[in-house]
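Undergrad: Please see the structure below; I have some questions.
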Amino acid sequence: MHAIIAKTQLSPNVTRLDVCAPRIAEIRQAGQFVIVRRGEGAERIPLTIADSDPVAGTIALVIQAVGKSTRELVALEPGQAIQDIAGPLGHPTEVIRQGHALCIGGGVGTAVAHPIAQALSRGGVQVTSIIGGRSKEWVIFETELRQLGAVVVCTDDGSYGRKGFVTQAAAELLAAGGIGIVYAVGPVPMMRAVAALTRPAGVRTIVSLNPLMVDGTGMCGGCRVNVGGKVFFACVDGPEFDGHAVDFDLLADRQTTYREFEQTANSCGADGCRVGLNHR
Ligand code: NAD
Ligand code: FES
């Protein structure tokens, strides 16, 4: 059992749980994730490790409550526990060792961009982050990222920071030159737009993909993605890939495949209902 040590509401539907998992806290690297199961018979949910404290033996999980299982997970309170946490899973982030990196986080994807920026900064790389949310209350991890380098905040409605999508700020920064690599995490249209911006300039771009995951071991095929014309499984081959080679059309298409099942699970509410499917 993994005790919940702290719970923080980051935005209207995004919650941070700091959870006891000493072995994972010690060995996890940027870009890796875990699969959690709240209790017996519950759905397996893949979640990025947004941060860790090896001394306290805790990891930070950031959860967007979008379906039945994630709502149940964020309903847990400090003192309660998560039954299973498997990980760390996936390949660690490809961390450059010098130069200037741009980390772009869209909405809840900012929680995934945070450990990447952390690893880059700790390795001596200059980090600039661009983070975005629908409005001020949806902007997360700003304070943490400001400790690692410059941060540009964007909101769709202009209620905080710059008005507009993260891609508008990114276009200006890229045009100014000096950026050696871009890491982008967020909604698929955002990652696709970032890749389209950096491709003509030949700036290497890493995106973190979050297709549907079931087993997290490369066995079920649920997290299949197409990169450079080849099939990969995001759970074991990713979750980070070359953004210039990702088939974003297929990714967007597969994300909508089980929407009907999700709606059924959302409206069902019965204990043990297993038609809810996993999203990071
Ligand atoms: P959102 O829809 O509120 O968008 C967040 C920000 O992304 C916006 O403020 C904007 O700056 C940018 N953005 C959105 N659409 C864009 C577009 N078409 N072009 C350019 N920029 C755009 O995001 P949210 O609801 O917080 O995030 C949810 C999405 O993030 C889900 O689709 C989820 O699957 C995905 N997600 C991805 C990962 C990952 O590892 N890739 C992890 C967690 C969540
Ligand atoms: Fe089953 Fe990746 S989650 S193959």
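Residues in the structure tokens are numbered from 1 in each chain, the chains being A, B, ... in the order shown, and ligands are numbered from 1 in the order shown.
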Please, which residues have at least one atom within 6 Å of an atom of ligand 1, using only C-alpha atoms and all ligand atoms, listed as a list in words?
TA: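 The neighbouring residues of ligand 1 are, in order, Gly106, Gly107, Val108, Gly109, Gly132, Gly133, Arg134, Thr155, Asp156, Phe165, Val166, Thr167, Val185, Gly186, Pro187, Pro189, Met190, Ala193, Ser208, Leu209, Asn210 and Arg280 of chain A.
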Undergrad: Go through segment 126-186 of chain A and flag each residue having an atom no more than 12 Å from segment 43-57 of chain A; for those, report the closest pair of atoms plus their distance in Å to one decimal, using only C-alpha atoms, ordered by chain and rising number, as a Markdown table.
TA:
```
| residue | atom | partner | partner_atom | distance |
| --- | --- | --- | --- | --- |
| A:Ile140 | CA | A:Ala50 | CA | 11.6 |
| A:Phe141 | CA | A:Ala50 | CA | 9.7 |
| A:Glu144 | CA | A:Asp51 | CA | 10.1 |
| A:Leu145 | CA | A:Asp51 | CA | 11.7 |
| A:Val185 | CA | A:Thr48 | CA | 11.4 |
```
Undergrad: Counting only C-alpha atoms and all ligand atoms, which protein, DNA or RNA residues come within 7 Å of ligand 2, given as number ranges by chain?
TA: A: 212-224, 233-236
Undergrad: Please give the complete set of residues from segment 13-202 of chain A that DSSP, run on the backbone, assigns to strand (DSSP E or B), formatted as an MDAnalysis selection string.
TA: chainID A and resid 14:20 33:37 44:53 58:64 78 80:82 84:89 100:106 126:133 150:155 162:163 181:185
Undergrad: Write out as a tab-separated table the residues of segment 68-126 of chain A that have any atom within 8 Å of an atom of segment 59-63 of chain A, one row each with the nearest atom pair and its distance in Å to one decimal, counting only C-alpha atoms, sorted by chain and then rising number.
TA:
```
residue	atom	partner	partner_atom	distance
A:Thr70	CA	A:Ile63	CA	6.9
A:Val74	CA	A:Ile63	CA	7.2
A:Val108	CA	A:Val62	CA	7.9
A:Ala111	CA	A:Val62	CA	6.7
```
Undergrad: Could the residues in this selection be saved with N, CA and C atoms as an mmCIF file, in the first residue's frame?
TA:
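Output below, filename again-v9.cif:
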```cif
data_model
loop_
_atom_site.group_PDB
_atom_site.id
_atom_site.type_symbol
_atom_site.label_atom_id
_atom_site.label_comp_id
_atom_site.auth_asym_id
_atom_site.auth_seq_id
_atom_site.Cartn_x
_atom_site.Cartn_y
_atom_site.Cartn_z
ATOM 1 N N THR A 70 -10.311 8.304 -12.696
ATOM 2 C CA THR A 70 -9.467 9.410 -12.225
ATOM 3 C C THR A 70 -10.208 10.228 -11.160
ATOM 4 N N VAL A 74 -8.706 10.919 -7.362
ATOM 5 C CA VAL A 74 -8.500 12.224 -6.722
ATOM 6 C C VAL A 74 -9.418 12.424 -5.515
ATOM 7 N N VAL A 108 -2.441 20.418 -18.478
ATOM 8 C CA VAL A 108 -1.931 19.412 -17.537
ATOM 9 C C VAL A 108 -0.593 18.834 -18.020
ATOM 10 N N ALA A 111 2.758 19.488 -16.145
ATOM 11 C CA ALA A 111 3.266 18.626 -15.065
ATOM 12 C C ALA A 111 4.265 17.610 -15.607
#
```
Undergrad: Counting only C-alpha atoms, what are the residues of segment 105-171 of chain A within 10 Å of segment 79-94 of chain A, and for each of them which pair of atoms is the nearest and at what distance in Å, to one decimal? Sort the table by chain and rising number, as a tab-separated table.
TA:
```
residue	atom	partner	partner_atom	distance
A:Pro115	CA	A:Thr93	CA	9.2
A:Ile116	CA	A:Thr93	CA	6.8
A:Ala119	CA	A:Thr93	CA	8.5
A:Leu120	CA	A:Glu94	CA	9.5
```
Undergrad: Point out the residue among A:Glu137, A:Asp18, A:Asp242, A:Glu72 with the least atom-to-atom distance to Gly39 of chain A, counting only C-alpha atoms.
TA: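 Using only C-alpha atoms, the shortest distance to Gly39 of chain A belongs to A:Glu72.
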Undergrad: As a VMD selection string, which residues of segment 217-255 of chain A does DSSP assign to helix (DSSP H, G or I)?
TA: chain A and resid 234 to 237 248 to 255
Undergrad: Could you take the residues named above and write them with C-alpha atoms, as a PDB file, in the first residue's frame?
TA:
```
ATOM      1  CA  ALA A 234       4.476   4.251 -26.104  1.00  0.00           C
ATOM      2  CA  CYS A 235       4.691   2.339 -22.804  1.00  0.00           C
ATOM      3  CA  VAL A 236       7.948   0.530 -23.576  1.00  0.00           C
ATOM      4  CA  ASP A 237       9.430   2.428 -26.549  1.00  0.00           C
ATOM      5  CA  PHE A 248      -0.387  12.881 -35.145  1.00  0.00           C
ATOM      6  CA  ASP A 249      -3.464  12.046 -37.266  1.00  0.00           C
ATOM      7  CA  LEU A 250      -3.374   8.415 -36.114  1.00  0.00           C
ATOM      8  CA  LEU A 251      -2.696   9.477 -32.530  1.00  0.00           C
ATOM      9  CA  ALA A 252      -5.682  11.867 -32.492  1.00  0.00           C
ATOM     10  CA  ASP A 253      -7.863   9.227 -34.125  1.00  0.00           C
ATOM     11  CA  ARG A 254      -6.940   6.519 -31.598  1.00  0.00           C
ATOM     12  CA  GLN A 255      -7.593   8.890 -28.683  1.00  0.00           C
TER      13      GLN A 255
END
```
Undergrad: Could you tell me which of A:Gly161, A:Gly41, A:Gly180, A:Gly105 comes closest to Val125 of chain A if we count only C-alpha atoms?
TA: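 Checking each candidate against Val125 of chain A, we get A:Gly180 as the closest.
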Undergrad: Given only C-alpha atoms as the basis, pick out the residue of A:Thr15, A:Ile130, A:Ala201, A:Phe33 nearest to Gly164 of chain A.
TA: A:Ile130
Undergrad: Quote the spacing between atom CA of Arg28 of chain A and atom CA of Ile104 of chain A in Å to one decimal place.
TA: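 Going from atom CA of Arg28 of chain A over to atom CA of Ile104 of chain A covers 21.5 Å.
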Undergrad: Within 10 Å of Gly178 of chain A, counting only C-alpha atoms, which residues show up once you throw out same-chain ones fewer than 3 positions away? Write them as a list of chain:residue names, please.
TA: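 Those residues are A:Gly99, A:His100, A:Ala101, A:Leu102, A:Leu173, A:Leu174, A:Ala175, A:Ile181.
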Undergrad: Go ahead and dump the residues you just picked, all heavy atoms, as a compact mmCIF listing (two decimals), in the first residue's frame.
TA:
```
# COMPACT_ATOMS: atom_id res chain seq x y z
N GLY A 99 23.80 24.02 -23.88
CA GLY A 99 22.97 24.82 -24.77
C GLY A 99 21.71 25.31 -24.10
O GLY A 99 21.61 25.37 -22.87
N HIS A 100 20.74 25.65 -24.93
CA HIS A 100 19.50 26.29 -24.48
C HIS A 100 18.31 25.44 -24.92
O HIS A 100 18.12 25.20 -26.12
CB HIS A 100 19.42 27.70 -25.09
CG HIS A 100 18.29 28.53 -24.57
ND1 HIS A 100 18.05 29.81 -25.01
CD2 HIS A 100 17.33 28.29 -23.65
CE1 HIS A 100 16.99 30.31 -24.38
NE2 HIS A 100 16.54 29.40 -23.55
N ALA A 101 17.54 24.96 -23.97
CA ALA A 101 16.38 24.11 -24.28
C ALA A 101 15.09 24.87 -24.01
O ALA A 101 15.00 25.64 -23.05
CB ALA A 101 16.41 22.85 -23.44
N LEU A 102 14.11 24.64 -24.85
CA LEU A 102 12.79 25.22 -24.65
C LEU A 102 11.81 24.12 -24.26
O LEU A 102 11.66 23.13 -24.99
CB LEU A 102 12.33 25.90 -25.96
CG LEU A 102 10.92 26.50 -25.97
CD1 LEU A 102 10.76 27.57 -24.89
CD2 LEU A 102 10.60 27.08 -27.35
N LEU A 173 10.07 33.06 -29.83
CA LEU A 173 11.34 32.65 -29.22
C LEU A 173 12.22 31.91 -30.20
O LEU A 173 13.44 32.11 -30.26
CB LEU A 173 11.05 31.74 -28.02
CG LEU A 173 11.73 32.22 -26.76
CD1 LEU A 173 10.71 32.73 -25.78
CD2 LEU A 173 12.53 31.10 -26.16
N LEU A 174 11.60 31.07 -31.01
CA LEU A 174 12.37 30.30 -32.01
C LEU A 174 12.93 31.25 -33.07
O LEU A 174 14.06 31.07 -33.53
CB LEU A 174 11.48 29.24 -32.64
CG LEU A 174 11.20 28.03 -31.74
CD1 LEU A 174 9.95 27.27 -32.19
CD2 LEU A 174 12.40 27.08 -31.69
N ALA A 175 12.15 32.26 -33.43
CA ALA A 175 12.61 33.21 -34.45
C ALA A 175 13.81 34.00 -33.95
O ALA A 175 14.70 34.39 -34.73
CB ALA A 175 11.47 34.16 -34.82
N ILE A 181 17.02 22.74 -28.72
CA ILE A 181 16.10 21.60 -28.68
C ILE A 181 14.79 22.05 -28.02
O ILE A 181 14.80 22.94 -27.16
CB ILE A 181 16.73 20.40 -27.93
CG1 ILE A 181 15.89 19.13 -28.06
CG2 ILE A 181 16.97 20.74 -26.46
CD1 ILE A 181 16.63 17.85 -27.66
```
Undergrad: Would you mind listing what lies within 8 Å of Ala117 of chain A as a PyMOL selection string, with only C-alpha atoms counted and same-chain residues fewer than 6 positions away left out?
TA: chain A and resi 103+127+129+145+148
Undergrad: Work out how far apart atom CA of Ala42 of chain A and atom CA of Ala3 of chain A are and give it in Å to one decimal.
TA: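 Computing the Euclidean distance for atom CA of Ala42 of chain A and atom CA of Ala3 of chain A yields 16.9 Å.
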